[in-house]
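Student: The structure file model26.cif (mmCIF, C-alpha atoms) is provided below.
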```
data_final
loop_
_atom_site.label_atom_id
_atom_site.label_comp_id
_atom_site.auth_asym_id
_atom_site.auth_seq_id
_atom_site.Cartn_x
_atom_site.Cartn_y
_atom_site.Cartn_z
CA MET H 26 -0.65 26.28 -12.99
CA ALA H 27 -0.42 23.59 -10.36
CA THR H 28 -2.77 20.93 -9.03
CA GLY H 29 -2.74 18.65 -6.04
CA THR H 30 -4.60 16.83 -3.32
CA THR H 31 -4.81 17.14 0.44
CA THR H 32 -7.09 16.19 3.31
CA VAL H 33 -8.99 18.09 5.95
CA ASN H 34 -9.84 16.62 9.35
CA MET H 35 -13.13 18.03 10.62
CA GLY H 36 -12.51 16.44 14.04
CA ALA H 37 -15.05 14.67 16.22
CA ALA H 38 -18.77 15.21 15.70
CA ALA H 39 -20.09 17.91 18.01
CA PRO H 40 -23.90 17.87 18.05
CA GLY H 41 -25.36 21.30 17.43
CA GLU H 42 -22.04 22.82 16.40
CA ARG H 43 -20.99 23.61 12.84
CA GLY H 44 -17.26 23.43 12.24
CA GLU H 45 -14.67 25.22 10.16
CA LYS H 46 -11.16 23.94 9.49
CA ARG H 47 -8.20 25.40 7.62
CA VAL H 48 -5.55 23.57 5.56
CA THR H 49 -2.46 25.37 4.28
CA VAL H 50 -1.00 24.31 0.92
CA THR H 51 2.73 25.10 0.81
CA GLY H 52 5.65 24.44 -1.53
CA GLN H 53 4.18 26.50 -4.37
CA ALA H 54 7.26 28.43 -5.50
CA ALA H 55 5.60 29.75 -8.68
CA ILE H 56 2.40 31.09 -7.11
CA VAL H 57 2.02 34.90 -7.13
CA ALA H 58 -0.23 37.20 -5.11
CA GLY H 59 -2.58 37.60 -8.10
CA SER H 60 -2.99 33.86 -8.71
CA LEU H 61 -6.44 32.29 -8.62
CA ALA H 62 -6.77 29.28 -6.30
CA GLU H 63 -9.64 26.80 -6.11
CA ALA H 64 -10.37 23.71 -4.02
CA TRP H 65 -13.17 21.16 -3.93
CA VAL H 66 -14.15 17.87 -2.29
CA ARG H 67 -12.66 14.82 -4.02
CA CYS H 68 -15.23 11.99 -4.02
CA GLU H 69 -12.84 9.23 -3.00
CA SER H 70 -12.95 7.10 0.16
CA SER H 71 -10.94 8.27 3.18
CA ALA H 72 -10.24 6.54 6.48
CA ASP H 73 -13.52 7.97 7.83
CA HIS H 74 -15.90 8.30 4.87
CA SER H 75 -16.93 6.43 1.72
CA ALA H 76 -16.78 8.09 -1.69
CA ASP H 77 -20.58 8.47 -1.54
CA GLU H 78 -20.35 10.28 1.80
CA HIS H 79 -17.83 12.68 0.25
CA PHE H 80 -20.34 13.33 -2.53
CA ILE H 81 -23.34 14.11 -0.30
CA GLU H 82 -21.70 15.84 2.69
CA ASN H 83 -22.68 19.49 2.94
CA LEU H 84 -19.24 21.16 2.96
CA GLU H 85 -18.40 24.64 1.71
CA VAL H 86 -14.83 24.90 0.42
CA ARG H 87 -13.11 28.28 -0.05
CA THR H 88 -9.54 29.42 -0.77
CA GLY H 89 -7.62 32.54 0.15
CA ASN H 90 -4.60 34.03 1.88
CA ILE H 91 -2.35 33.53 -1.14
CA VAL H 92 1.30 34.13 -0.23
CA ALA H 93 3.64 34.61 -3.20
CA ALA H 94 6.25 31.88 -3.66
CA THR H 95 4.69 29.91 -0.78
CA GLY H 96 1.06 28.76 -1.09
CA PHE H 97 -2.50 29.43 0.05
CA ASP H 98 -5.16 28.38 2.55
CA ILE H 99 -8.17 26.16 2.02
CA VAL H 100 -11.06 26.73 4.44
CA VAL H 101 -13.69 24.01 4.78
CA GLU H 102 -16.93 24.77 6.60
CA SER H 103 -19.46 22.17 7.62
CA LYS H 104 -23.04 23.23 7.04
CA LEU H 105 -24.27 20.31 9.18
CA ALA H 106 -23.62 19.81 12.87
CA SER H 107 -22.91 16.10 12.42
CA THR H 108 -19.83 16.37 10.19
CA TYR H 109 -16.70 14.61 11.46
CA GLY H 110 -13.47 13.01 10.34
CA VAL H 111 -11.20 13.20 7.31
CA PHE H 112 -12.32 14.35 3.86
CA ASN H 113 -10.28 14.35 0.64
CA LEU H 114 -9.76 17.58 -1.31
CA ASN H 115 -8.43 18.53 -4.75
CA TRP H 116 -6.90 21.93 -5.43
CA ALA H 117 -5.58 23.95 -8.35
CA TRP H 118 -4.20 27.41 -8.97
CA VAL H 119 -3.37 29.48 -12.04
#
```
Kindly present the structure from the file in structure tokens form.
Tutor:
Amino acid sequence: MATGTTTVNMGAAAPGERGEKRVTVTGQAAIVAGSLAEAWVRCESSADHSADEHFIENLEVRTGNIVAATGFDIVVESKLASTYGVFNLNWAWV
């Protein structure tokens, strides 16, 4: 099992456009193809958003593309067209 943190930058706000961004977690030498990975928004202030904004922002966070001895991807999708900037994420795998 391993845990960690990372960030995702949703970019500039684009009215009327929902966004999706991908973050790759690497350096996971013990991860195997059958591992289970999870990620979620960490409610802690970033350069662009307060902790409260992290809590209420409508983001869907998914994981996948596990590569043995390497890592996995985190995909963050904005459900609102007004999402922008950097958000904090936690992750774990077993």
Student: The PyMOL selection byres ((chain H and resi 92-108) around 10) - which residues does that actually catch in the file I just gave you? List them as a ChimeraX atom specification.
Tutor: /H:31,33-66,82-91,109-112,114,116,118
Student: Work out how far atom CA of His79 of chain H is from atom CA of Val119 of chain H, in Å to one decimal.
Tutor: 25.3 Å
Student: Just how far from atom CA of Ser71 of chain H is atom CA of Thr32 of chain H, in Å to one decimal?
Tutor: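 Rounded to one decimal, the two atoms are 8.8 Å apart.
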Student: Using the chain letters and residue numbers of this document, give as a list in words the residues selected by the PyMOL selection byres ((chain H and resi 28) around 6).
Tutor: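 Applied to this file, the PyMOL selection byres ((chain H and resi 28) around 6) returns Ala27, Gly29, Trp116 and Ala117 of chain H.
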Student: Extending 5 Å beyond the listed atoms of segment 108-116 of chain H on each side, what axis-aligned box results? I want centre and edge lengths in Å to one decimal, as AutoDock Vina command-line options.
Tutor:
```
--center_x -13.4 --center_y 17.5 --center_z 3.0 --size_x 22.9 --size_y 18.9 --size_z 26.9
```
